[in-house]
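J.: Dropping in work.cif, with mmCIF, C-alpha atoms.
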data_my_file
loop_
_atom_site.group_PDB
_atom_site.id
_atom_site.type_symbol
_atom_site.label_atom_id
_atom_site.label_comp_id
_atom_site.auth_asym_id
_atom_site.auth_seq_id
_atom_site.Cartn_x
_atom_site.Cartn_y
_atom_site.Cartn_z
ATOM 1 C CA MET A 11 253.076 167.732 90.267
ATOM 2 C CA THR A 12 256.795 168.451 90.067
ATOM 3 C CA ASN A 13 257.343 167.782 93.790
ATOM 4 C CA ALA A 14 255.236 164.607 93.701
ATOM 5 C CA GLY A 15 257.163 163.389 90.677
ATOM 6 C CA HIS A 16 260.491 163.726 92.449
ATOM 7 C CA GLU A 17 259.095 161.932 95.518
ATOM 8 C CA LEU A 18 257.902 159.028 93.355
ATOM 9 C CA LYS A 19 261.337 158.632 91.784
ATOM 10 C CA THR A 20 262.898 157.621 95.119
ATOM 11 C CA PRO A 21 260.942 154.356 95.688
ATOM 12 C CA LEU A 22 261.319 153.529 91.995
ATOM 13 C CA ALA A 23 265.082 153.900 92.292
ATOM 14 C CA ILE A 24 265.061 151.572 95.317
ATOM 15 C CA ILE A 25 262.934 148.979 93.509
ATOM 16 C CA SER A 26 265.310 149.139 90.550
ATOM 17 C CA ALA A 27 268.384 148.751 92.767
ATOM 18 C CA ASN A 28 266.829 145.814 94.641
ATOM 19 C CA THR A 29 265.978 144.094 91.378
ATOM 20 C CA GLU A 30 269.515 144.552 90.090
ATOM 21 C CA MET A 31 270.848 143.109 93.361
ATOM 22 C CA GLU A 32 268.647 140.028 92.956
ATOM 23 C CA GLU A 33 270.026 139.548 89.462
ATOM 24 C CA MET A 34 273.590 139.834 90.736
ATOM 25 C CA ILE A 35 273.030 137.022 93.237
ATOM 26 C CA GLY A 36 271.612 134.744 90.572
ATOM 27 C CA LYS A 37 267.866 135.347 90.962
ATOM 28 C CA SER A 38 267.273 136.661 87.488
ATOM 29 C CA ASP A 39 264.034 135.364 85.952
ATOM 30 C CA GLU A 40 260.945 136.524 84.077
ATOM 31 C CA TRP A 41 259.663 138.272 87.218
ATOM 32 C CA THR A 42 262.742 140.428 87.738
ATOM 33 C CA GLU A 43 262.748 141.282 84.038
ATOM 34 C CA SER A 44 259.081 142.299 84.249
ATOM 35 C CA THR A 45 259.808 144.449 87.302
ATOM 36 C CA LYS A 46 262.601 146.256 85.439
ATOM 37 C CA GLU A 47 260.345 146.919 82.464
ATOM 38 C CA GLN A 48 257.587 148.357 84.647
ATOM 39 C CA VAL A 49 260.046 150.548 86.550
ATOM 40 C CA GLU A 50 261.234 151.946 83.214
ATOM 41 C CA ARG A 51 257.652 152.625 82.128
ATOM 42 C CA LEU A 52 256.783 154.357 85.396
ATOM 43 C CA THR A 53 259.955 156.437 85.286
ATOM 44 C CA MET A 54 259.109 157.525 81.741
ATOM 45 C CA LEU A 55 255.557 158.404 82.774
ATOM 46 C CA ILE A 56 256.747 160.457 85.759
ATOM 47 C CA ASN A 57 259.240 162.352 83.596
ATOM 48 C CA GLN A 58 256.513 163.143 81.078
ATOM 49 C CA LEU A 59 254.135 164.314 83.812
ATOM 50 C CA ILE A 60 256.817 166.590 85.251
ATOM 51 C CA SER A 61 257.485 168.022 81.799
ATOM 52 C CA LEU A 62 253.755 168.505 81.282
ATOM 53 C CA ALA A 63 253.473 170.390 84.577
ATOM 54 C CA ARG A 64 256.379 172.643 83.642
ATOM 55 C CA MET A 65 254.810 173.385 80.259
ATOM 56 C CA SER A 66 251.955 175.151 82.060
ATOM 57 C CA GLU A 67 254.457 177.503 83.687
ATOM 58 C CA LYS A 68 254.834 179.690 80.610
ATOM 59 C CA ASP A 69 256.967 182.275 82.394
ATOM 60 C CA GLU A 70 259.814 179.747 82.572
ATOM 61 C CA LEU A 71 260.203 179.749 78.788
ATOM 62 C CA VAL A 72 262.040 182.732 77.336
ATOM 63 C CA LEU A 73 260.994 183.039 73.713
ATOM 64 C CA GLU A 74 263.444 184.296 71.122
ATOM 65 C CA ARG A 75 264.294 183.992 67.418
ATOM 66 C CA VAL A 76 265.213 180.342 66.831
ATOM 67 C CA ASP A 77 266.419 178.474 63.748
ATOM 68 C CA PHE A 78 263.493 176.089 63.243
ATOM 69 C CA SER A 79 265.215 174.426 60.281
ATOM 70 C CA ASP A 80 268.189 173.496 62.444
ATOM 71 C CA SER A 81 266.000 172.146 65.266
ATOM 72 C CA VAL A 82 264.009 169.964 62.861
ATOM 73 C CA LYS A 83 267.177 168.734 61.145
ATOM 74 C CA ARG A 84 268.845 167.730 64.413
ATOM 75 C CA ALA A 85 265.750 165.956 65.712
ATOM 76 C CA ALA A 86 265.051 164.212 62.403
ATOM 77 C CA ASN A 87 268.623 162.983 62.037
ATOM 78 C CA SER A 88 268.624 161.586 65.589
ATOM 79 C CA PHE A 89 265.827 159.175 64.606
ATOM 80 C CA LYS A 90 267.402 158.016 61.339
ATOM 81 C CA SER A 91 269.134 154.867 62.591
ATOM 82 C CA LEU A 92 266.200 153.842 64.824
ATOM 83 C CA ILE A 93 263.568 154.131 62.094
ATOM 84 C CA GLN A 94 265.707 152.389 59.500
ATOM 85 C CA LYS A 95 266.557 149.656 61.993
ATOM 86 C CA ASP A 96 262.813 149.027 62.369
ATOM 87 C CA GLY A 97 262.671 148.335 58.620
ATOM 88 C CA LYS A 98 260.783 151.510 57.679
ATOM 89 C CA ASN A 99 261.487 154.043 54.963
ATOM 90 C CA TYR A 100 262.465 157.483 56.216
ATOM 91 C CA ASN A 101 262.223 160.677 54.194
ATOM 92 C CA ILE A 102 263.484 164.088 55.375
ATOM 93 C CA GLU A 103 262.945 167.349 53.469
ATOM 94 C CA ILE A 104 263.883 170.561 55.270
ATOM 95 C CA GLU A 105 263.936 174.053 53.812
ATOM 96 C CA PRO A 106 266.915 175.877 55.371
ATOM 97 C CA GLY A 107 266.888 179.263 57.048
ATOM 98 C CA LEU A 108 263.406 179.239 58.578
ATOM 99 C CA PHE A 109 263.356 181.134 61.881
ATOM 100 C CA VAL A 110 260.438 181.264 64.336
ATOM 101 C CA ASN A 111 259.615 182.571 67.791
ATOM 102 C CA GLY A 112 260.393 179.849 70.333
ATOM 103 C CA GLU A 113 262.805 178.363 72.836
ATOM 104 C CA LYS A 114 265.578 176.230 71.362
ATOM 105 C CA GLN A 115 265.425 173.142 73.582
ATOM 106 C CA SER A 116 261.623 173.101 73.761
ATOM 107 C CA LEU A 117 261.363 173.444 69.991
ATOM 108 C CA TYR A 118 263.722 170.489 69.586
ATOM 109 C CA GLU A 119 261.639 168.495 72.085
ATOM 110 C CA LEU A 120 258.473 169.334 70.150
ATOM 111 C CA VAL A 121 259.883 167.827 66.961
ATOM 112 C CA ASN A 122 261.155 164.801 68.883
ATOM 113 C CA ILE A 123 257.655 164.129 70.233
ATOM 114 C CA LEU A 124 256.102 164.250 66.772
ATOM 115 C CA ILE A 125 258.686 161.985 65.115
ATOM 116 C CA ASP A 126 258.650 159.527 68.008
ATOM 117 C CA ASN A 127 254.866 159.294 67.754
ATOM 118 C CA ALA A 128 255.044 158.773 63.981
ATOM 119 C CA ASN A 129 257.625 156.012 64.337
ATOM 120 C CA LYS A 130 255.695 154.199 67.078
ATOM 121 C CA TYR A 131 252.448 154.041 65.140
ATOM 122 C CA CYS A 132 253.767 153.614 61.621
ATOM 123 C CA ASP A 133 252.864 150.412 59.770
ATOM 124 C CA GLU A 134 255.549 147.746 59.672
ATOM 125 C CA THR A 135 257.794 148.391 56.649
ATOM 126 C CA GLY A 136 255.868 151.659 56.208
ATOM 127 C CA GLN A 137 257.207 155.183 55.779
ATOM 128 C CA VAL A 138 257.875 158.102 58.112
ATOM 129 C CA SER A 139 258.312 161.549 56.559
ATOM 130 C CA VAL A 140 259.469 164.851 58.036
ATOM 131 C CA ASN A 141 258.855 167.936 55.887
ATOM 132 C CA LEU A 142 259.533 171.576 56.781
ATOM 133 C CA ASN A 143 258.686 174.299 54.299
ATOM 134 C CA LYS A 144 257.611 177.908 54.070
ATOM 135 C CA GLY A 145 253.836 178.321 53.839
ATOM 136 C CA SER A 146 252.150 179.330 50.584
ATOM 137 C CA LEU A 147 251.911 183.006 51.613
ATOM 138 C CA GLY A 148 255.479 183.085 52.917
ATOM 139 C CA ARG A 149 254.428 184.087 56.419
ATOM 140 C CA ASN A 150 254.620 180.755 58.244
ATOM 141 C CA ALA A 151 256.874 177.766 58.696
ATOM 142 C CA VAL A 152 254.907 174.549 58.140
ATOM 143 C CA LEU A 153 256.170 171.298 59.654
ATOM 144 C CA GLN A 154 254.472 168.043 58.664
ATOM 145 C CA VAL A 155 255.367 164.698 60.210
ATOM 146 C CA LYS A 156 253.668 161.778 58.456
ATOM 147 C CA ASN A 157 253.492 158.055 59.000
ATOM 148 C CA SER A 158 251.734 155.409 56.944
ATOM 149 C CA PHE A 159 248.893 153.796 58.900
ATOM 150 C CA LYS A 160 246.453 151.588 56.997
ATOM 151 C CA ASP A 161 243.976 151.355 59.898
ATOM 152 C CA GLY A 162 243.644 155.101 60.393
ATOM 153 C CA LYS A 163 240.175 155.697 58.947
ATOM 154 C CA SER A 164 238.222 154.971 62.135
ATOM 155 C CA ILE A 165 240.284 157.219 64.439
ATOM 156 C CA ASN A 166 238.864 160.465 65.827
ATOM 157 C CA TYR A 167 241.697 162.873 65.090
ATOM 158 C CA ASN A 168 239.940 165.693 66.930
ATOM 159 C CA LYS A 169 240.839 163.911 70.183
ATOM 160 C CA PHE A 170 244.489 163.267 69.326
ATOM 161 C CA PHE A 171 245.795 166.022 71.587
ATOM 162 C CA GLU A 172 243.595 165.309 74.595
ATOM 163 C CA ARG A 173 245.625 164.438 77.658
ATOM 164 C CA PHE A 174 245.796 160.649 78.204
ATOM 165 C CA TYR A 175 243.784 159.961 75.037
ATOM 166 C CA ARG A 176 244.584 156.545 73.555
ATOM 167 C CA SER A 177 242.679 155.444 70.473
ATOM 168 C CA ASP A 178 243.497 151.782 71.091
ATOM 169 C CA GLU A 179 244.386 150.730 74.640
ATOM 170 C CA SER A 180 246.029 147.428 73.677
ATOM 171 C CA HIS A 181 247.900 149.020 70.784
ATOM 172 C CA ASN A 182 249.218 151.857 72.943
ATOM 173 C CA SER A 183 250.230 149.448 75.674
ATOM 174 C CA GLN A 184 252.311 147.454 73.229
ATOM 175 C CA LYS A 185 253.965 150.610 71.942
ATOM 176 C CA GLY A 186 254.718 151.977 75.412
ATOM 177 C CA GLY A 187 252.645 155.139 74.997
ATOM 178 C CA PHE A 188 250.772 156.977 77.753
ATOM 179 C CA GLY A 189 248.749 159.470 75.723
ATOM 180 C CA ILE A 190 250.781 162.421 77.016
ATOM 181 C CA GLY A 191 253.289 163.268 74.275
ATOM 182 C CA LEU A 192 250.930 164.939 71.808
ATOM 183 C CA SER A 193 249.281 166.889 74.623
ATOM 184 C CA MET A 194 252.723 168.211 75.531
ATOM 185 C CA ALA A 195 253.328 169.078 71.873
ATOM 186 C CA GLN A 196 250.082 171.043 71.743
ATOM 187 C CA ASP A 197 250.969 172.971 74.900
ATOM 188 C CA LEU A 198 254.357 173.909 73.434
ATOM 189 C CA VAL A 199 252.895 175.030 70.126
ATOM 190 C CA ARG A 200 250.407 177.246 71.971
ATOM 191 C CA VAL A 201 253.221 178.821 73.985
ATOM 192 C CA PHE A 202 255.003 179.566 70.696
ATOM 193 C CA GLY A 203 251.833 181.184 69.365
ATOM 194 C CA GLY A 204 251.291 178.575 66.654
ATOM 195 C CA LYS A 205 248.775 175.934 65.607
ATOM 196 C CA ILE A 206 248.888 172.131 65.516
ATOM 197 C CA ASN A 207 246.472 169.611 64.064
ATOM 198 C CA ALA A 208 246.179 165.938 63.124
ATOM 199 C CA SER A 209 244.590 164.550 59.969
ATOM 200 C CA TYR A 210 244.418 161.454 57.777
ATOM 201 C CA ASP A 211 244.699 161.421 53.981
ATOM 202 C CA GLY A 212 243.520 157.853 53.503
ATOM 203 C CA LYS A 213 247.018 156.440 53.823
ATOM 204 C CA ASN A 214 249.025 158.588 56.221
ATOM 205 C CA VAL A 215 248.512 160.140 59.633
ATOM 206 C CA ILE A 216 249.685 163.747 59.302
ATOM 207 C CA LEU A 217 250.702 165.969 62.216
ATOM 208 C CA THR A 218 251.009 169.596 61.126
ATOM 209 C CA VAL A 219 252.601 172.458 63.060
ATOM 210 C CA ILE A 220 252.319 176.035 61.828
ATOM 211 C CA LEU A 221 254.523 178.735 63.365
ATOM 212 C CA LYS A 222 254.858 182.346 62.291
ATOM 213 C CA LEU A 223 258.164 183.140 60.607
ATOM 214 C CA ARG A 224 260.548 185.691 62.092
ATOM 215 C CA LYS A 225 263.008 187.655 59.975
#
Could you take the file, read its structure, and then write that structure out as structure tokens?

T.:
Amino acid sequence: MTNAGHELKTPLAIISANTEMEEMIGKSDEWTESTKEQVERLTMLINQLISLARMSEKDELVLERVDFSDSVKRAANSFKSLIQKDGKNYNIEIEPGLFVNGEKQSLYELVNILIDNANKYCDETGQVSVNLNKGSLGRNAVLQVKNSFKDGKSINYNKFFERFYRSDESHNSQKGGFGIGLSMAQDLVRVFGGKINASYDGKNVILTVILKLRK
């Protein structure tokens, strides 16, 4: 998968360069713009597939004690301007000093995936929330990423983490999703020895990650 992904990037780069050349010589129109958009989508898909393939190679990840609070804070803050620009409310509550077993960059990517998903599928003028706290027994770190979604009652949340699952094809197409991100998140959580699930409380879609705390 990794080798095929790199091979596919070459023709995409050529198509992109040719399109840019056409624009430079005054041939910019709706067709060149469409080509650029599709190249971007394919490039994103290839990158996600490569990442997904690497996730299965568990030996590449060296797990260590990582500041989960810091990873969540950095990821959450990086989305602040984007979510607010979209006209949504954004709430962040992070308990400091929570350490877990993980890999720093992958843990950061995990949180990014969850917040990006929440922002994409949040109702217009809705709310996205990121909450990290210690579990009730004090043994786990519990991360919950929520987004308001009024049409969430009919969704099968048991299938949320299936690879390429898309609850609404037209909706996902408009949002630019491929049904890969949450599958990647699940793979990462499993590598970290944790649990992840999706649920709906009648108003919000809730993605919950539970990781064992490390002292």

J.: I would like the residues chosen by the PyMOL selection byres ((chain A and resi 90) around 12) on the shown file; could you give them as a PyMOL selection string?

T.: chain A and resi 83-89+91-102+122+125-126+129+137-140

J.: Grab the CA of Ile35 (chain A) to CA of Leu18 (chain A) distance for me, in Å with one decimal place.

T.: 26.7 Å

J.: What does the distance from CA of Arg200 (chain A) to CA of Ile216 (chain A) come to in Å, to one decimal?

T.: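 Going from CA of Arg200 (chain A) over to CA of Ile216 (chain A) covers 18.5 Å.
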
J.: Taking only C-alpha atoms into account, name the residue in A:Leu198, A:Leu120, A:Val155, A:Val215 that is nearest to Leu71 (chain A).

T.: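 Looking at the shortest contact to Leu71 (chain A), the residue is A:Leu198.
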
J.: Could you please determine the separation between CA of Glu47 (chain A) and CA of Met31 (chain A) in Å, to one decimal place?

T.: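 Atom-to-atom, CA of Glu47 (chain A) and CA of Met31 (chain A) are spaced 15.6 Å apart.
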
J.: Please identify all polymer residues within 12 Å of Ser81 (chain A), counting all atoms listed in the file, omitting same-chain residues fewer than 2 positions from it, and present them as a PyMOL selection string.

T.: chain A and resi 76-79+83-88+104-110+112-122+142+153

J.: Would you mind telling me which residue in A:Lys37, A:Arg224, A:Lys169, A:Lys163 lies nearest to Lys144 (chain A) when using only C-alpha atoms?

T.: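 Using only C-alpha atoms, Lys144 (chain A) sits closest to A:Arg224.
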
J.: Which residue, A:Arg149, A:Glu40, A:Ser158, A:Arg51, has the smallest gap to Asp211 (chain A) when you use all atoms listed in the file?

T.: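 Between A:Arg149, A:Glu40, A:Ser158, A:Arg51, the residue approaching Asp211 (chain A) most closely is A:Ser158.
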
J.: Which one is closest to Thr218 (chain A): A:Val199, A:Leu22, A:Thr53, A:Gly191? Count all atoms listed in the file.

T.: A:Val199

J.: Could you rebuild region 187-212 of chain A with N, CA, C and O atoms and give me the result as a CSV table (one decimal), keeping the file's coordinate frame?

T.:
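Saved file result-v9.csv follows:
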chain,number,residue,atom,x,y,z
A,187,GLY,N,253.1,153.8,74.9
A,187,GLY,CA,252.6,155.1,75.0
A,187,GLY,C,251.7,155.4,76.2
A,187,GLY,O,251.1,154.4,76.7
A,188,PHE,N,251.6,156.6,76.6
A,188,PHE,CA,250.8,157.0,77.8
A,188,PHE,C,249.7,158.0,77.4
A,188,PHE,O,248.9,158.4,78.2
A,189,GLY,N,249.7,158.5,76.1
A,189,GLY,CA,248.7,159.5,75.7
A,189,GLY,C,249.1,160.9,76.3
A,189,GLY,O,248.2,161.7,76.5
A,190,ILE,N,250.4,161.1,76.5
A,190,ILE,CA,250.8,162.4,77.0
A,190,ILE,C,251.6,163.2,76.0
A,190,ILE,O,251.5,164.5,76.0
A,191,GLY,N,252.4,162.6,75.2
A,191,GLY,CA,253.3,163.3,74.3
A,191,GLY,C,252.6,164.3,73.4
A,191,GLY,O,253.1,165.5,73.3
A,192,LEU,N,251.6,164.0,72.7
A,192,LEU,CA,250.9,164.9,71.8
A,192,LEU,C,250.3,166.1,72.6
A,192,LEU,O,250.2,167.2,72.1
A,193,SER,N,249.8,165.8,73.8
A,193,SER,CA,249.3,166.9,74.6
A,193,SER,C,250.4,167.9,75.0
A,193,SER,O,250.2,169.1,75.0
A,194,MET,N,251.6,167.4,75.3
A,194,MET,CA,252.7,168.2,75.5
A,194,MET,C,253.1,169.0,74.3
A,194,MET,O,253.4,170.2,74.4
A,195,ALA,N,253.0,168.4,73.1
A,195,ALA,CA,253.3,169.1,71.9
A,195,ALA,C,252.4,170.2,71.7
A,195,ALA,O,252.8,171.3,71.3
A,196,GLN,N,251.1,170.0,71.9
A,196,GLN,CA,250.1,171.0,71.7
A,196,GLN,C,250.3,172.2,72.7
A,196,GLN,O,250.2,173.4,72.3
A,197,ASP,N,250.7,171.9,73.9
A,197,ASP,CA,251.0,173.0,74.9
A,197,ASP,C,252.1,173.8,74.4
A,197,ASP,O,252.1,175.1,74.6
A,198,LEU,N,253.2,173.2,73.9
A,198,LEU,CA,254.4,173.9,73.4
A,198,LEU,C,254.0,174.8,72.3
A,198,LEU,O,254.4,176.0,72.2
A,199,VAL,N,253.3,174.3,71.3
A,199,VAL,CA,252.9,175.0,70.1
A,199,VAL,C,252.1,176.3,70.5
A,199,VAL,O,252.3,177.4,70.0
A,200,ARG,N,251.2,176.1,71.5
A,200,ARG,CA,250.4,177.2,72.0
A,200,ARG,C,251.3,178.3,72.6
A,200,ARG,O,251.1,179.5,72.4
A,201,VAL,N,252.3,177.9,73.4
A,201,VAL,CA,253.2,178.8,74.0
A,201,VAL,C,254.0,179.6,72.9
A,201,VAL,O,254.2,180.8,73.0
A,202,PHE,N,254.3,178.9,71.8
A,202,PHE,CA,255.0,179.6,70.7
A,202,PHE,C,254.1,180.4,69.8
A,202,PHE,O,254.5,181.0,68.8
A,203,GLY,N,252.8,180.4,70.1
A,203,GLY,CA,251.8,181.2,69.4
A,203,GLY,C,251.5,180.6,68.0
A,203,GLY,O,251.0,181.3,67.1
A,204,GLY,N,251.6,179.2,67.9
A,204,GLY,CA,251.3,178.6,66.7
A,204,GLY,C,250.1,177.7,66.7
A,204,GLY,O,249.3,177.8,67.6
A,205,LYS,N,249.9,176.9,65.7
A,205,LYS,CA,248.8,175.9,65.6
A,205,LYS,C,249.3,174.5,65.3
A,205,LYS,O,250.3,174.4,64.6
A,206,ILE,N,248.5,173.5,65.8
A,206,ILE,CA,248.9,172.1,65.5
A,206,ILE,C,247.6,171.4,65.3
A,206,ILE,O,246.6,171.6,65.9
A,207,ASN,N,247.6,170.4,64.3
A,207,ASN,CA,246.5,169.6,64.1
A,207,ASN,C,246.9,168.2,63.5
A,207,ASN,O,248.0,168.1,63.1
A,208,ALA,N,246.0,167.3,63.6
A,208,ALA,CA,246.2,165.9,63.1
A,208,ALA,C,245.1,165.6,62.1
A,208,ALA,O,244.0,166.0,62.2
A,209,SER,N,245.5,164.9,61.0
A,209,SER,CA,244.6,164.6,60.0
A,209,SER,C,245.0,163.2,59.3
A,209,SER,O,246.1,162.7,59.7
A,210,TYR,N,244.2,162.7,58.5
A,210,TYR,CA,244.4,161.5,57.8
A,210,TYR,C,244.0,161.6,56.3
A,210,TYR,O,243.0,162.1,56.0
A,211,ASP,N,244.9,161.2,55.4
A,211,ASP,CA,244.7,161.4,54.0
A,211,ASP,C,244.3,160.1,53.3
A,211,ASP,O,244.3,160.1,52.0
A,212,GLY,N,243.9,159.1,54.1
A,212,GLY,CA,243.5,157.9,53.5
A,212,GLY,C,244.6,156.8,53.5
A,212,GLY,O,244.4,155.6,53.4
